[in-house]
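J.: The structure that follows is given in the form of structure tokens.
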There are 2 protein chains.
Amino acid sequence: VSLSLADIQAAAERIRGLAVRTPLIEAPTASAATGARVFVKPEVLQRTGSFKFRGAMSRLSLLNADERKRGVVAFSSGNHAQGVAAAAKQLGVPATIVMPADAPKLKIANTRGYGAEVVLYDRQKEDRVAIGKKLAANQGLTLLPPFDDYNVMAGQGTIGLELIEDAKAFGITFDAVLAPCSGGGLTSGIATALAALSPTTKVYAVEPMAFDDLARSLKAGERLANAPGAKSICDALMVDKPGELTFPILQKTKVEALAVSDDEALRAMAHAFYELKLVAEPSGASSLAAVLTRKLETKGKTIAVILSGGNVDADIFERALAR
Amino acid sequence: VSLSLADIQAAAERIRGLAVRTPLIEAPTASAATGARVFVKPEVLQRTGSFKFRGAMSRLSLLNADERKRGVVAFSSGNHAQGVAAAAKQLGVPATIVMPADAPKLKIANTRGYGAEVVLYDRQKEDRVAIGKKLAANQGLTLLPPFDDYNVMAGQGTIGLELIEDAKAFGITFDAVLAPCSGGGLTSGIATALAALSPTTKVYAVEPMAFDDLARSLKAGERLANAPGAKSICDALMVDKPGELTFPILQKTKVEALAVSDDEALRAMAHAFYELKLVAEPSGASSLAAVLTRKLETKGKTIAVILSGGNVDADIFERALAR
């Protein structure tokens, strides 16, 4: 396990002033509904509308002059794509992004809008890792993985540092922190920071029910895959299995996995709209959904929810509001 | 003119820990579109979804024990209603709110949800001030005006103090600050704080085109009313004329008025959704609309926009997204 608090603190220094220092917002309606004191960390306000910018900037800022000149390649269903594209643009680094053809239109358009070259692939038939590696080898690009990279995880872990800073300002200690989880980069980073700075806080990874690979893997003690062809409205959380590098960190930090349905995620989006005035995408709202539907003990607890992303097409958003 | 920086600083002490200390968020897309460096102060994240909670809590926290016991009455199209109801509930004070029958359903429901008694009136035929005063007199309630009250203005002015704190943290000085304006409480408070702490910053009050009473009043040097029966999608900005107490402050602080159309406000709501991941109501987005449509000189300027409220029904929000 090679991710330390010091790595995360170093990442925080690298991204300072480049990433948004998001606030911690108290959520009175969610609190009243659950008997907990609920706080929200709105990473939807992060540059590019998701936390992914942190990890991308953390890694990109370590490229040497030659690597910057040649450029980077990343594969992503959308939020990592936008994070890498925007961070690369800010640093003047050319970026190529491999995206599934069925990714939300908004995410594809935004990635192109940040100046990246987008290569589309078929999620059911093609292997994005292979495409990314081939592009990296052929064009001398640096591959920027979405989660299986310690400097990416360290960037996401800066959220944990900020949570602790703000908890001190509020005079609270979190009993639980919930983060949406696909490959586990966000959860690994936060869990590493909290294990060091707030050891009594339990970290939960929230997955879509059809993509509960982490829950099953933690139980089995080895990385298990999801059923091929599984579907979820949480487009950012449709991963094959936990990451090779993230999984041991999630095990060591005793992260627990919770699962939410598509309908629960949509209802949480509506809650975020009406009660928090924040735009969340289904994946980004899954952590809030887990609290609102009490997948964990909430009564009397102090809970932080990472609202991890808000890049949602209008039609999906309207489906949520109709709930 | 009886509103000073010291009044605003005292209000900040009274509401500390009770109101949300909202952040300042950089808005790269709005910046790119206007040639300015644009920041957003998201008061949509304030308790009750609008800045009005600040003024209500500032005033309510000054009630003596007897006044608290008897209760308060307020008249409002919705955001002041919710602010007073929530602040009163927090302090254990009974609240009666006089609201127009055509106010957004969400605002009426939320006001009732905070435990207030709601009295509806007909906006075209009845006088809300008279109804409020009668209730105050008959039941011994304290009348809590939406803007014409120095302690309410002082509460709204705390936004100005936070803007200056955050400007220092970013190492910037604002050339312009834009606030949506109906009676002028928010603008008076902010302009008073900025005149003292950042005298080179110009404050703009943004009105709907059909309710440009402040623009005309400032030009004429006296308070002029809007045409009876005028309509706007900006339900929170449909005021008769500038306030008696706010108007001299707006004159003295050299506030300038700008006007936006309904369509411009709706487009700014869509911008807030797609680019900022924030939910704004039409009135709340009018300040952003004025910047995006360059009603003022933007090139090379550093600009803060108060996104003042986010209490919008889903049907209006969907109209905005269709833009």
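Naming works like this for the structure tokens: A, B, ... for the chains as they're shown, residue 1 at the start of each chain, ligands 1 onward in shown order.
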Could you write out as a PyMOL selection string the residues of chain B within 7 Å of chain A, counting only C-alpha atoms?
T.: chain B and resi 23+44-45+49+273+276-279+310+314+321
J.: Need to verify the contact set: Gly243 (chain B), 7 Å, only C-alpha atoms, exclusion of same-chain residues closer than 6 positions in sequence. Can you return it as a PyMOL selection string?
T.: chain B and resi 148+183-184
J.: Could you check how far CA of Ser58 (chain B) sits from CA of Gly155 (chain B), in Å to one decimal?
T.: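 Going from CA of Ser58 (chain B) over to CA of Gly155 (chain B) covers 5.0 Å.
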J.: Could you pull the residues within 6 Å of region 192-207 of chain B, counting only C-alpha atoms, minus those fewer than 2 positions along the same chain, as a list in words?
T.: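 Selected residues are Leu5, Gly160, Phe174, Asp175, Ala176, Val177, Leu178, Ala179, Pro180, Cys181, Gly189, Ile190, Asp212, Val255, Glu256, Ala257, Leu258, Ala259 and Ser287 of chain B.
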J.: Enumerate, in order of chain and increasing residue number, the residues of region 126-215 of chain B with an atom no farther than 6 Å from region 71-85 of chain B, each with its shortest atom pair and distance in Å to one decimal, counting only C-alpha atoms, as CSV.
T.:
```
residue,atom,partner,partner_atom,distance
B:Leu141,CA,B:Val72,CA,4.8
B:Thr142,CA,B:Val72,CA,4.5
B:Leu143,CA,B:Val73,CA,5.0
B:Leu144,CA,B:Ala74,CA,5.0
```
J.: Keeping N, CA and C atoms for every residue in the selection just given, could you write it to a file as a compact mmCIF listing (two decimals), in the first residue's frame?
T.:
```txt
# COMPACT_ATOMS: atom_id res chain seq x y z
N LEU B 141 -48.28 41.48 17.09
CA LEU B 141 -47.10 40.88 16.45
C LEU B 141 -46.12 41.97 16.02
N THR B 142 -44.85 41.62 15.96
CA THR B 142 -43.84 42.54 15.42
C THR B 142 -43.79 42.37 13.91
N LEU B 143 -43.94 43.49 13.19
CA LEU B 143 -43.91 43.46 11.73
C LEU B 143 -42.45 43.41 11.26
N LEU B 144 -42.15 42.46 10.40
CA LEU B 144 -40.78 42.30 9.93
C LEU B 144 -40.73 42.60 8.44
```
J.: Write out as a PyMOL selection string which residues come within 8 Å of Ser283 (chain A) when counting only C-alpha atoms, dropping same-chain ones fewer than 6 positions away.
T.: chain A and resi 180+233-237+265+308-309
J.: Would you output that residue set with N, CA, C and O atoms, as a PDB file, in the first residue's frame?
T.:
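Output file part.pdb is given in full below:
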```
ATOM      1  N   PRO A 180     -19.365   8.329  -3.548  1.00  0.00           N
ATOM      2  CA  PRO A 180     -19.693   7.455  -4.670  1.00  0.00           C
ATOM      3  C   PRO A 180     -18.431   6.720  -5.123  1.00  0.00           C
ATOM      4  O   PRO A 180     -17.333   7.287  -5.065  1.00  0.00           O
ATOM      5  N   ILE A 233     -28.202   3.844 -14.258  1.00  0.00           N
ATOM      6  CA  ILE A 233     -28.295   5.252 -14.636  1.00  0.00           C
ATOM      7  C   ILE A 233     -27.065   6.004 -14.151  1.00  0.00           C
ATOM      8  O   ILE A 233     -26.790   7.110 -14.605  1.00  0.00           O
ATOM      9  N   CYS A 234     -26.298   5.379 -13.243  1.00  0.00           N
ATOM     10  CA  CYS A 234     -25.089   6.012 -12.705  1.00  0.00           C
ATOM     11  C   CYS A 234     -23.933   5.772 -13.662  1.00  0.00           C
ATOM     12  O   CYS A 234     -23.067   4.918 -13.427  1.00  0.00           O
ATOM     13  N   ASP A 235     -23.895   6.541 -14.754  1.00  0.00           N
ATOM     14  CA  ASP A 235     -22.935   6.275 -15.828  1.00  0.00           C
ATOM     15  C   ASP A 235     -21.478   6.384 -15.386  1.00  0.00           C
ATOM     16  O   ASP A 235     -20.608   5.777 -15.983  1.00  0.00           O
ATOM     17  N   ALA A 236     -21.221   7.148 -14.325  1.00  0.00           N
ATOM     18  CA  ALA A 236     -19.831   7.327 -13.888  1.00  0.00           C
ATOM     19  C   ALA A 236     -19.361   6.201 -12.974  1.00  0.00           C
ATOM     20  O   ALA A 236     -18.195   6.159 -12.595  1.00  0.00           O
ATOM     21  N   LEU A 237     -20.266   5.313 -12.607  1.00  0.00           N
ATOM     22  CA  LEU A 237     -19.916   4.266 -11.631  1.00  0.00           C
ATOM     23  C   LEU A 237     -19.952   2.863 -12.243  1.00  0.00           C
ATOM     24  O   LEU A 237     -19.958   1.869 -11.539  1.00  0.00           O
ATOM     25  N   ALA A 265     -31.150   6.968  -6.532  1.00  0.00           N
ATOM     26  CA  ALA A 265     -30.217   8.013  -6.998  1.00  0.00           C
ATOM     27  C   ALA A 265     -30.991   9.189  -7.596  1.00  0.00           C
ATOM     28  O   ALA A 265     -30.673  10.355  -7.340  1.00  0.00           O
ATOM     29  N   SER A 308     -20.345  14.101  -5.676  1.00  0.00           N
ATOM     30  CA  SER A 308     -19.078  14.055  -6.412  1.00  0.00           C
ATOM     31  C   SER A 308     -19.110  14.639  -7.814  1.00  0.00           C
ATOM     32  O   SER A 308     -18.064  15.000  -8.345  1.00  0.00           O
ATOM     33  N   GLY A 309     -20.308  14.737  -8.442  1.00  0.00           N
ATOM     34  CA  GLY A 309     -20.345  15.255  -9.798  1.00  0.00           C
ATOM     35  C   GLY A 309     -21.718  15.759 -10.195  1.00  0.00           C
ATOM     36  O   GLY A 309     -22.734  15.293  -9.649  1.00  0.00           O
TER      37      GLY A 309
END
```
J.: Got a sec: who's within 8 Å of region 224-229 of chain A, counting only C-alpha atoms, leaving out chain neighbours fewer than 3 positions off, as a PDB file with C-alpha atoms, in the first residue's frame?
T.:
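Output below, filename part_7.pdb:
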```
ATOM      1  CA  GLN A 124     -19.864  -3.493 -24.848  1.00  0.00           C
ATOM      2  CA  ALA A 210     -25.974  -3.537 -10.486  1.00  0.00           C
ATOM      3  CA  PHE A 211     -22.296  -2.629  -9.956  1.00  0.00           C
ATOM      4  CA  ASP A 212     -21.684  -3.846  -6.420  1.00  0.00           C
ATOM      5  CA  ASP A 213     -18.272  -5.292  -7.249  1.00  0.00           C
ATOM      6  CA  LEU A 214     -16.605  -3.607  -4.277  1.00  0.00           C
ATOM      7  CA  ARG A 216     -18.628  -8.511  -3.087  1.00  0.00           C
ATOM      8  CA  SER A 217     -14.859  -8.104  -3.425  1.00  0.00           C
ATOM      9  CA  VAL A 239     -16.662  -0.064 -13.668  1.00  0.00           C
ATOM     10  CA  ASP A 240     -15.567  -3.669 -14.336  1.00  0.00           C
ATOM     11  CA  LYS A 241     -14.091  -4.338 -10.891  1.00  0.00           C
ATOM     12  CA  PRO A 242     -12.179  -2.555  -8.125  1.00  0.00           C
TER      13      PRO A 242
END
```
J.: According to DSSP computed on the backbone, where in region 112-296 of chain A is there strand (DSSP E)? Give the residues as an NGL selection string.
T.: :A and (117-121 or 142-143 or 176-180 or 202-208 or 256-260)
